[in-house]
$ cat query-v1.pdb   # PDB, C-alpha atoms and all ligand atoms
ATOM      1  CA  MET A  13     108.393  61.732 100.569
ATOM      2  CA  THR A  14     106.723  62.316 103.943
ATOM      3  CA  THR A  15     105.413  65.876 104.247
ATOM      4  CA  GLY A  16     103.641  65.750 107.587
ATOM      5  CA  ALA A  17     100.509  67.274 106.019
ATOM      6  CA  PRO A  18      97.348  65.184 105.708
ATOM      7  CA  SER A  19      97.041  63.768 102.225
ATOM      8  CA  GLY A  20      95.638  66.311  99.751
ATOM      9  CA  GLU A  21      96.482  69.392 101.891
ATOM     10  CA  PRO A  22      98.941  71.900 100.403
ATOM     11  CA  THR A  23     102.305  72.108 102.177
ATOM     12  CA  ASP A  24     103.280  75.627 101.066
ATOM     13  CA  GLY A  25     100.376  77.432 102.733
ATOM     14  CA  PHE A  26      98.702  78.253  99.404
ATOM     15  CA  VAL A  27      95.072  77.357  98.829
ATOM     16  CA  ASP A  28      93.751  78.055  95.317
ATOM     17  CA  GLY A  29      96.966  80.017  94.629
ATOM     18  CA  LEU A  30      96.563  82.292  97.672
ATOM     19  CA  ARG A  31      98.150  82.167 101.115
ATOM     20  CA  PRO A  32      97.210  83.915 104.366
ATOM     21  CA  VAL A  33      99.169  87.019 105.340
ATOM     22  CA  ASP A  34     101.530  86.811 108.328
ATOM     23  CA  VAL A  35      99.846  88.207 111.426
ATOM     24  CA  LEU A  36     102.149  89.715 114.060
ATOM     25  CA  THR A  37     101.308  90.518 117.683
ATOM     26  CA  VAL A  38     102.355  93.655 119.542
ATOM     27  CA  VAL A  39     104.723  92.768 122.387
ATOM     28  CA  SER A  40     105.525  96.268 123.608
ATOM     29  CA  VAL A  41     105.233  99.935 122.715
ATOM     30  CA  ALA A  42     107.725 102.664 123.589
ATOM     31  CA  ASP A  43     107.997 106.339 122.726
ATOM     32  CA  VAL A  44     111.488 106.885 121.321
ATOM     33  CA  THR A  45     110.930 110.629 120.917
ATOM     34  CA  PRO A  46     107.819 112.825 121.324
ATOM     35  CA  SER A  47     106.672 111.960 117.788
ATOM     36  CA  VAL A  48     108.146 108.501 117.143
ATOM     37  CA  ARG A  49     106.618 105.387 118.665
ATOM     38  CA  ARG A  50     108.515 102.087 118.502
ATOM     39  CA  VAL A  51     106.282  99.038 118.272
ATOM     40  CA  THR A  52     107.878  95.647 118.895
ATOM     41  CA  LEU A  53     106.056  92.800 117.187
ATOM     42  CA  SER A  54     106.396  89.055 117.494
ATOM     43  CA  GLY A  55     105.840  86.436 114.843
ATOM     44  CA  THR A  56     107.260  83.272 113.399
ATOM     45  CA  PRO A  57     110.943  83.427 112.379
ATOM     46  CA  SER A  58     109.975  83.291 108.697
ATOM     47  CA  ALA A  59     107.394  86.082 109.076
ATOM     48  CA  VAL A  60     109.924  88.277 110.882
ATOM     49  CA  ALA A  61     112.627  87.546 108.304
ATOM     50  CA  ALA A  62     110.230  88.563 105.521
ATOM     51  CA  ALA A  63     109.112  91.749 107.312
ATOM     52  CA  GLY A  64     111.834  94.019 106.038
ATOM     53  CA  PRO A  65     113.927  95.962 105.527
ATOM     54  CA  THR A  66     110.913  97.689 103.953
ATOM     55  CA  VAL A  67     107.605  96.094 104.806
ATOM     56  CA  ASN A  68     104.061  96.147 103.443
ATOM     57  CA  LEU A  69     102.027  96.582 106.601
ATOM     58  CA  LEU A  70      98.354  95.689 106.720
ATOM     59  CA  VAL A  71      97.026  98.059 109.330
ATOM     60  CA  PRO A  72      93.632  97.439 110.956
ATOM     61  CA  ARG A  73      91.468 100.539 111.321
ATOM     62  CA  VAL A  74      91.324 101.445 114.997
ATOM     63  CA  ASP A  75      87.550 101.869 114.832
ATOM     64  CA  ASP A  76      86.953  98.492 113.140
ATOM     65  CA  PRO A  77      86.786  95.599 115.610
ATOM     66  CA  ALA A  78      86.828  92.865 112.949
ATOM     67  CA  PRO A  79      89.386  93.461 110.190
ATOM     68  CA  ARG A  80      89.292  91.007 107.284
ATOM     69  CA  TRP A  81      92.845  90.359 106.138
ATOM     70  CA  PRO A  82      93.643  90.049 102.447
ATOM     71  CA  ARG A  83      95.616  87.070 101.097
ATOM     72  CA  VAL A  84      98.776  86.944  99.014
ATOM     73  CA  ALA A  85      99.135  85.401  95.559
ATOM     74  CA  LYS A  86     102.208  83.387  94.536
ATOM     75  CA  ASP A  87     103.571  86.420  92.636
ATOM     76  CA  GLY A  88     103.322  88.546  95.822
ATOM     77  CA  ARG A  89     100.151  90.374  94.761
ATOM     78  CA  ILE A  90      97.830  91.320  97.633
ATOM     79  CA  VAL A  91      94.310  90.032  96.991
ATOM     80  CA  TRP A  92      91.682  91.930  98.964
ATOM     81  CA  PRO A  93      88.432  90.427 100.209
ATOM     82  CA  GLU A  94      85.217  91.641  98.620
ATOM     83  CA  GLY A  95      83.521  94.590 100.300
ATOM     84  CA  SER A  96      84.762  96.591 103.248
ATOM     85  CA  HIS A  97      87.662  94.994 105.106
ATOM     86  CA  GLY A  98      88.866  97.606 107.599
ATOM     87  CA  VAL A  99      92.525  97.230 106.647
ATOM     88  CA  ALA A 100      94.900  99.821 105.155
ATOM     89  CA  LEU A 101      98.094  99.000 103.257
ATOM     90  CA  ARG A 102     101.069 101.167 104.239
ATOM     91  CA  SER A 103     104.842 100.964 103.716
ATOM     92  CA  TYR A 104     107.162 100.973 106.718
ATOM     93  CA  THR A 105     110.725 100.012 107.604
ATOM     94  CA  ALA A 106     111.839  97.400 110.077
ATOM     95  CA  ARG A 107     114.282  99.279 112.232
ATOM     96  CA  ARG A 108     115.500  95.952 113.625
ATOM     97  CA  GLN A 109     114.663  92.335 112.776
ATOM     98  CA  ASP A 110     115.602  89.319 114.856
ATOM     99  CA  PRO A 111     114.097  86.242 113.195
ATOM    100  CA  ASP A 112     115.624  83.838 115.749
ATOM    101  CA  ALA A 113     113.882  85.681 118.583
ATOM    102  CA  GLY A 114     110.800  86.188 116.395
ATOM    103  CA  LEU A 115     110.870  89.963 116.952
ATOM    104  CA  VAL A 116     110.702  92.987 114.660
ATOM    105  CA  GLU A 117     110.737  96.674 115.639
ATOM    106  CA  ILE A 118     108.969  99.358 113.642
ATOM    107  CA  ASP A 119     109.191 103.087 114.365
ATOM    108  CA  PHE A 120     105.971 104.940 113.523
ATOM    109  CA  VAL A 121     105.904 108.713 113.138
ATOM    110  CA  LEU A 122     102.824 109.903 115.037
ATOM    111  CA  HIS A 123     101.979 112.580 112.493
ATOM    112  CA  GLY A 124      98.402 112.918 113.643
ATOM    113  CA  ASP A 125      96.382 111.683 110.668
ATOM    114  CA  GLY A 126      95.895 108.432 108.752
ATOM    115  CA  PRO A 127      95.197 104.811 109.709
ATOM    116  CA  ALA A 128      98.825 103.784 110.371
ATOM    117  CA  ALA A 129      99.623 106.749 112.625
ATOM    118  CA  ALA A 130      96.298 106.245 114.431
ATOM    119  CA  TRP A 131      96.966 102.509 114.882
ATOM    120  CA  ALA A 132     100.427 103.174 116.323
ATOM    121  CA  GLY A 133      99.025 105.875 118.586
ATOM    122  CA  ALA A 134      96.535 103.389 120.049
ATOM    123  CA  ALA A 135      98.707 100.225 119.925
ATOM    124  CA  GLU A 136      99.092  98.148 123.058
ATOM    125  CA  ALA A 137     100.422  94.684 123.851
ATOM    126  CA  GLY A 138      98.319  91.978 122.257
ATOM    127  CA  ALA A 139      97.116  94.083 119.299
ATOM    128  CA  LEU A 140      97.428  92.516 115.843
ATOM    129  CA  ILE A 141      98.858  93.819 112.585
ATOM    130  CA  ALA A 142      99.735  91.874 109.436
ATOM    131  CA  VAL A 143     102.532  91.942 106.883
ATOM    132  CA  ALA A 144     102.432  91.026 103.240
ATOM    133  CA  GLY A 145     106.008  90.939 102.058
ATOM    134  CA  GLY A 146     108.725  93.498 102.033
ATOM    135  CA  GLY A 147     111.490  94.893  99.917
ATOM    136  CA  ALA A 148     114.980  96.321  99.820
ATOM    137  CA  LEU A 149     116.054  99.745 101.064
ATOM    138  CA  GLY A 150     117.520 100.579  97.669
ATOM    139  CA  ASN A 151     120.905 101.593  99.012
ATOM    140  CA  ARG A 152     124.276 100.612  97.612
ATOM    141  CA  ARG A 153     127.651 100.643  99.281
ATOM    142  CA  ALA A 154     130.000 103.342  97.978
ATOM    143  CA  ALA A 155     133.178 105.108  99.052
ATOM    144  CA  TRP A 156     131.177 108.344  99.549
ATOM    145  CA  VAL A 157     127.478 108.421 100.430
ATOM    146  CA  LEU A 158     124.824 111.090 100.804
ATOM    147  CA  LEU A 159     121.834 110.111 102.931
ATOM    148  CA  ALA A 160     118.993 112.616 103.141
ATOM    149  CA  GLY A 161     115.615 112.154 104.771
ATOM    150  CA  ASP A 162     113.085 113.125 107.390
ATOM    151  CA  GLU A 163     111.882 111.164 110.427
ATOM    152  CA  THR A 164     110.041 108.611 108.251
ATOM    153  CA  ALA A 165     113.425 107.753 106.704
ATOM    154  CA  LEU A 166     115.275 107.578 110.009
ATOM    155  CA  PRO A 167     114.774 103.807 110.516
ATOM    156  CA  ALA A 168     116.250 103.200 107.052
ATOM    157  CA  ILE A 169     119.056 105.720 107.535
ATOM    158  CA  SER A 170     119.957 104.105 110.862
ATOM    159  CA  ARG A 171     120.185 100.671 109.197
ATOM    160  CA  ILE A 172     122.191 101.960 106.238
ATOM    161  CA  LEU A 173     124.674 103.754 108.508
ATOM    162  CA  ALA A 174     124.997 100.824 110.913
ATOM    163  CA  GLU A 175     125.705  98.435 108.042
ATOM    164  CA  ALA A 176     128.089 100.751 106.117
ATOM    165  CA  PRO A 177     131.739  99.618 105.953
ATOM    166  CA  PRO A 178     133.891 101.545 108.451
ATOM    167  CA  ALA A 179     135.833 103.283 105.654
ATOM    168  CA  THR A 180     132.689 104.891 104.205
ATOM    169  CA  ALA A 181     132.774 108.695 103.992
ATOM    170  CA  GLY A 182     129.930 111.120 103.375
ATOM    171  CA  ILE A 183     127.109 113.009 105.016
ATOM    172  CA  ALA A 184     123.676 112.208 106.445
ATOM    173  CA  LEU A 185     121.150 115.056 106.487
ATOM    174  CA  VAL A 186     118.132 114.346 108.675
ATOM    175  CA  GLU A 187     115.199 116.749 109.010
ATOM    176  CA  VAL A 188     113.282 116.527 112.299
ATOM    177  CA  ALA A 189     111.124 118.928 114.307
ATOM    178  CA  GLY A 190     113.782 119.754 116.873
ATOM    179  CA  HIS A 191     116.519 118.610 119.191
ATOM    180  CA  ASP A 192     114.241 116.241 121.126
ATOM    181  CA  GLU A 193     113.468 114.334 117.908
ATOM    182  CA  GLU A 194     117.121 113.456 117.263
ATOM    183  CA  GLN A 195     118.089 109.812 117.764
ATOM    184  CA  PRO A 196     121.512 108.317 118.403
ATOM    185  CA  LEU A 197     122.955 106.906 115.182
ATOM    186  CA  ARG A 198     125.870 104.512 114.837
ATOM    187  CA  ALA A 199     127.788 105.744 111.785
ATOM    188  CA  PRO A 200     131.250 105.275 110.263
ATOM    189  CA  ALA A 201     133.672 107.932 111.561
ATOM    190  CA  GLY A 202     133.909 109.488 108.084
ATOM    191  CA  VAL A 203     130.169 110.141 107.779
ATOM    192  CA  THR A 204     128.972 113.436 109.237
ATOM    193  CA  VAL A 205     125.448 113.364 110.661
ATOM    194  CA  ARG A 206     123.755 116.763 110.411
ATOM    195  CA  TRP A 207     120.323 117.326 112.000
ATOM    196  CA  LEU A 208     118.084 119.956 110.421
ATOM    197  CA  HIS A 209     115.432 121.442 112.724
ATOM    198  CA  ARG A 210     112.067 122.490 111.304
ATOM    199  CA  GLY A 211     110.967 124.187 114.495
ATOM    200  CA  GLY A 212     107.274 125.024 114.473
ATOM    201  CA  THR A 213     106.875 124.637 110.698
ATOM    202  CA  ALA A 214     104.758 121.658 109.639
ATOM    203  CA  PRO A 215     106.466 118.625 108.058
ATOM    204  CA  GLY A 216     106.500 118.880 104.283
ATOM    205  CA  GLU A 217     106.376 122.685 104.389
ATOM    206  CA  THR A 218     110.037 123.589 104.633
ATOM    207  CA  THR A 219     112.860 123.612 102.106
ATOM    208  CA  LEU A 220     115.400 122.590 104.768
ATOM    209  CA  LEU A 221     116.384 119.309 103.146
ATOM    210  CA  THR A 222     116.388 120.578  99.562
ATOM    211  CA  ASP A 223     118.406 123.650 100.573
ATOM    212  CA  ALA A 224     120.905 121.536 102.507
ATOM    213  CA  VAL A 225     121.500 119.281  99.497
ATOM    214  CA  ALA A 226     121.661 122.285  97.161
ATOM    215  CA  ALA A 227     124.414 123.736  99.371
ATOM    216  CA  LEU A 228     126.590 120.626  98.976
ATOM    217  CA  ASP A 229     129.255 120.469  96.305
ATOM    218  CA  ARG A 230     129.478 117.235  94.373
ATOM    219  CA  PRO A 231     132.081 115.129  96.158
ATOM    220  CA  ALA A 232     135.360 114.536  94.370
ATOM    221  CA  ALA A 233     135.120 110.743  94.776
ATOM    222  CA  ASP A 234     134.051 108.715  91.726
ATOM    223  CA  ASP A 235     132.323 106.043  93.769
ATOM    224  CA  VAL A 236     129.358 108.069  95.018
ATOM    225  CA  PHE A 237     125.857 106.948  96.027
ATOM    226  CA  ALA A 238     122.940 109.085  97.222
ATOM    227  CA  TRP A 239     119.923 107.721  99.135
ATOM    228  CA  VAL A 240     116.998 110.093  99.669
ATOM    229  CA  ALA A 241     113.554 109.540 101.239
ATOM    230  CA  ALA A 242     111.174 112.186 102.577
ATOM    231  CA  GLU A 243     108.045 114.061 101.520
ATOM    232  CA  SER A 244     107.511 113.505  97.771
ATOM    233  CA  GLY A 245     107.869 117.138  96.672
ATOM    234  CA  ALA A 246     111.190 117.540  98.488
ATOM    235  CA  VAL A 247     112.448 114.271  97.029
ATOM    236  CA  ARG A 248     111.529 115.372  93.493
ATOM    237  CA  THR A 249     113.574 118.555  93.887
ATOM    238  CA  ILE A 250     116.560 116.728  95.370
ATOM    239  CA  ARG A 251     116.452 114.027  92.688
ATOM    240  CA  ALA A 252     116.575 116.681  89.964
ATOM    241  CA  ASP A 253     119.498 118.389  91.722
ATOM    242  CA  LEU A 254     121.468 115.142  92.037
ATOM    243  CA  ARG A 255     120.840 114.126  88.441
ATOM    244  CA  GLY A 256     121.506 117.600  87.066
ATOM    245  CA  ARG A 257     124.121 119.446  89.102
ATOM    246  CA  TRP A 258     125.838 116.306  90.451
ATOM    247  CA  GLY A 259     125.356 114.308  87.234
ATOM    248  CA  LEU A 260     124.481 111.126  89.110
ATOM    249  CA  SER A 261     123.336 108.193  86.980
ATOM    250  CA  ARG A 262     120.314 106.059  87.937
ATOM    251  CA  ALA A 263     122.663 103.486  89.426
ATOM    252  CA  GLN A 264     124.161 106.158  91.678
ATOM    253  CA  HIS A 265     121.051 107.257  93.499
ATOM    254  CA  HIS A 266     117.790 106.081  95.042
ATOM    255  CA  ALA A 267     115.336 108.897  95.722
ATOM    256  CA  ILE A 268     111.807 107.895  96.804
ATOM    257  CA  GLY A 269     108.877 109.885  98.191
ATOM    258  CA  TYR A 270     107.962 108.252 101.535
ATOM    259  CA  TRP A 271     104.786 110.287 102.004
ATOM    260  CA  ARG A 272     102.788 112.981 100.225
ATOM    261  CA  ARG A 273     101.659 116.192 101.804
ATOM    262  CA  GLY A 274      97.848 116.267 101.927
ATOM    263  CA  ARG A 275      97.408 112.771 100.454
ATOM    264  CA  ALA A 276      96.995 109.294 101.905
ATOM    265  CA  MET A 277      99.694 106.922 100.737
ATOM    266  CA  SER A 278      97.725 103.997  99.389
ATOM    267  CA  PRO A 279      94.508 103.530  97.423
ATOM    268  CA  ALA A 280      93.836 100.437  99.529
ATOM    269  CA  GLY A 281      93.595 102.630 102.615
TER
HETATM  270  C1  LIG B 301     109.404 102.264 101.661
HETATM  271  C2  LIG B 301     108.809 103.163 102.739
HETATM  272  C3  LIG B 301     109.217 103.024 104.056
HETATM  273  C4  LIG B 301     108.658 103.836 105.074
HETATM  274  N1  LIG B 301     109.085 103.675 106.363
HETATM  275  C5  LIG B 301     108.497 104.407 107.348
HETATM  276  C6  LIG B 301     108.858 104.200 108.722
HETATM  277  O1  LIG B 301     109.666 103.321 109.060
HETATM  278  N2  LIG B 301     108.247 104.971 109.658
HETATM  279  C7  LIG B 301     107.299 105.926 109.319
HETATM  280  O2  LIG B 301     106.759 106.587 110.215
HETATM  281  N3  LIG B 301     106.958 106.125 108.041
HETATM  282  C8  LIG B 301     107.512 105.380 107.047
HETATM  283  N4  LIG B 301     107.130 105.574 105.752
HETATM  284  C9  LIG B 301     106.145 106.624 105.465
HETATM  285  C10 LIG B 301     104.686 106.173 105.697
HETATM  286  O3  LIG B 301     104.386 105.087 104.840
HETATM  287  C11 LIG B 301     103.759 107.373 105.383
HETATM  288  O4  LIG B 301     103.996 108.414 106.304
HETATM  289  C12 LIG B 301     102.290 106.993 105.376
HETATM  290  O5  LIG B 301     101.601 108.021 104.729
HETATM  291  C13 LIG B 301     101.718 106.794 106.769
HETATM  292  O6  LIG B 301     100.412 106.299 106.650
HETATM  293  P1  LIG B 301      99.191 106.871 107.508
HETATM  294  O7  LIG B 301      98.100 105.869 107.365
HETATM  295  O8  LIG B 301      99.653 107.222 108.876
HETATM  296  O9  LIG B 301      98.810 108.219 106.777
HETATM  297  P2  LIG B 301      98.094 108.405 105.332
HETATM  298  O10 LIG B 301      96.696 107.865 105.366
HETATM  299  O11 LIG B 301      98.988 107.870 104.261
HETATM  300  O12 LIG B 301      98.038 109.980 105.198
HETATM  301  C14 LIG B 301      97.092 110.749 105.932
HETATM  302  C15 LIG B 301      97.560 112.198 105.966
HETATM  303  O13 LIG B 301      98.748 112.271 106.753
HETATM  304  C16 LIG B 301      99.773 112.958 106.035
HETATM  305  N5  LIG B 301     101.074 112.339 106.399
HETATM  306  C17 LIG B 301     101.513 111.090 106.101
HETATM  307  N6  LIG B 301     102.746 110.882 106.618
HETATM  308  C18 LIG B 301     103.092 112.037 107.242
HETATM  309  C19 LIG B 301     104.237 112.458 107.960
HETATM  310  N7  LIG B 301     105.295 111.662 108.170
HETATM  311  N8  LIG B 301     104.251 113.710 108.469
HETATM  312  C20 LIG B 301     103.215 114.551 108.294
HETATM  313  N9  LIG B 301     102.088 114.208 107.622
HETATM  314  C21 LIG B 301     102.027 112.970 107.092
HETATM  315  C22 LIG B 301      99.412 112.772 104.565
HETATM  316  O14 LIG B 301      99.933 113.841 103.809
HETATM  317  C23 LIG B 301      97.891 112.771 104.598
HETATM  318  O15 LIG B 301      97.402 114.088 104.561
HETATM  319  C24 LIG B 301     107.673 104.801 104.729
HETATM  320  C25 LIG B 301     107.266 104.920 103.389
HETATM  321  C26 LIG B 301     107.817 104.127 102.405
HETATM  322  C27 LIG B 301     107.347 104.274 100.974
END
$ encode --input "query-v1.pdb" --output "structure tokens"
Amino acid sequence: MTTGAPSGEPTDGFVDGLRPVDVLTVVSVADVTPSVRRVTLSGTPSAVAAAGPTVNLLVPRVDDPAPRWPRVAKDGRIVWPEGSHGVALRSYTARRQDPDAGLVEIDFVLHGDGPAAAWAGAAEAGALIAVAGGGALGNRRAAWVLLAGDETALPAISRILAEAPPATAGIALVEVAGHDEEQPLRAPAGVTVRWLHRGGTAPGETTLLTDAVAALDRPAADDVFAWVAAESGAVRTIRADLRGRWGLSRAQHHAIGYWRRGRAMSPAG
């Protein structure tokens, strides 16, 4: 068989069981709201297709001019170079992926601290960032859905709502700072979108989301699914509520801490 590669060279990109990460280039940057910056990235169709819905981003430190990217093993493991590398691993969500156009959009919350927020705050056309695989959102279609999250979950919530069958019923609870942080969402007519405003209180320091879920009665429908992503402490409380009071099984909910108050998200960072 003709492979097109010089004899002896691997054709799958792996050398000694490791392949390079996919490096994407910033095409444009736009502020969607005062605290959310949308970064549009370009890459090969296969890199863009692999960059979501959730994506392992390899974020160069803004103060490090020469990041050394890790490589990826055949089982998906990220293998870091020896010594300092100037790259932080963070989880994000592709708000939109268009592999044919080679474009992916990621919405970064500019929360003021941490390598990913700093990178997004400084990003301009031509800057580089890398991806090392992605994963699923963890949602499941159901007749009645509860979606609950803060602004870090908004890209996922927007995808879940946009892809939900038109007959879906339920409620989406989204905690943001205020009215100017709300974003238009395309949702089935039977899903109510309720915005919860934190006002001047810092993210991760309110009980808005947990209280809003606690105030909901378990829906009468049998086919129920709950998807929850926000600050870890809030998610823990909501998960307990949904398992206890609502009696949801593991298959009926996905509740994941997207960030932790006072703690960086990844040991690699
Ligand atoms: C599967 C998944 C998908 C995600 N998708 C997105 C997404 O699409 N967009 C997005 O913006 N985030 C998303 N997140 C959350 C994001 O990974 C975290 O916010 C992460 O901590 C940001 O990294 P950082 O380097 O900016 O800050 P870190 O170095 O991790 O943290 C530095 C400090 O900032 C604080 N901090 C982190 N995030 C926030 C926040 N949102 N508000 C206030 N303080 C914060 C931490 O408590 C810590 O004190 C996702 C997380 C997961 C697990």
$ closest_residue --input "query-v1.pdb" --among "A:Ala276, A:Ala263, A:Val27, A:Val84" --to "ligand LIG 301 (chain B)" --atoms "all atoms listed in the file"
A:Ala276
$ resolve_selection --input "query-v1.pdb" --expression "the PyMOL selection byres (((chain A and resi 49) around 12) and not hetatm)" --output "PyMOL selection string"
chain A and resi 40-48+50-52+107+117-123+128-136+163-164+167+193
$ atom_distance --input "query-v1.pdb" --atom1 "CA of Val225 (chain A)" --atom2 "CA of Ser244 (chain A)"
15.2 Å
$ residues_around --input "query-v1.pdb" --residues "Ser58 (chain A)" --least-positions-apart "5" --cutoff "12 Å" --atoms "only C-alpha atoms" --output "list in words"
Val33, Asp34, Val35, Leu36, Ala63, Gly64, Gln109, Asp110, Pro111, Asp112, Ala113, Gly114, Leu115, Val116, Val143 and Gly145 of chain A
$ write_last_selection --input "query-v1.pdb" --atoms "C-alpha atoms" --output "PDB file, in the coordinates of the input"
ATOM      1  CA  VAL A  33      99.169  87.019 105.340  1.00  0.00           C
ATOM      2  CA  ASP A  34     101.530  86.811 108.328  1.00  0.00           C
ATOM      3  CA  VAL A  35      99.846  88.207 111.426  1.00  0.00           C
ATOM      4  CA  LEU A  36     102.149  89.715 114.060  1.00  0.00           C
ATOM      5  CA  ALA A  63     109.112  91.749 107.312  1.00  0.00           C
ATOM      6  CA  GLY A  64     111.834  94.019 106.038  1.00  0.00           C
ATOM      7  CA  GLN A 109     114.663  92.335 112.776  1.00  0.00           C
ATOM      8  CA  ASP A 110     115.602  89.319 114.856  1.00  0.00           C
ATOM      9  CA  PRO A 111     114.097  86.242 113.195  1.00  0.00           C
ATOM     10  CA  ASP A 112     115.624  83.838 115.749  1.00  0.00           C
ATOM     11  CA  ALA A 113     113.882  85.681 118.583  1.00  0.00           C
ATOM     12  CA  GLY A 114     110.800  86.188 116.395  1.00  0.00           C
ATOM     13  CA  LEU A 115     110.870  89.963 116.952  1.00  0.00           C
ATOM     14  CA  VAL A 116     110.702  92.987 114.660  1.00  0.00           C
ATOM     15  CA  VAL A 143     102.532  91.942 106.883  1.00  0.00           C
ATOM     16  CA  GLY A 145     106.008  90.939 102.058  1.00  0.00           C
TER      17      GLY A 145
END
$ atom_distance --input "query-v1.pdb" --atom1 "CA of Arg152 (chain A)" --atom2 "atom C26 of ligand LIG 301 (chain B)"
17.5 Å
$ atom_distance --input "query-v1.pdb" --atom1 "CA of Ala148 (chain A)" --atom2 "atom O6 of ligand LIG 301 (chain B)"
18.9 Å
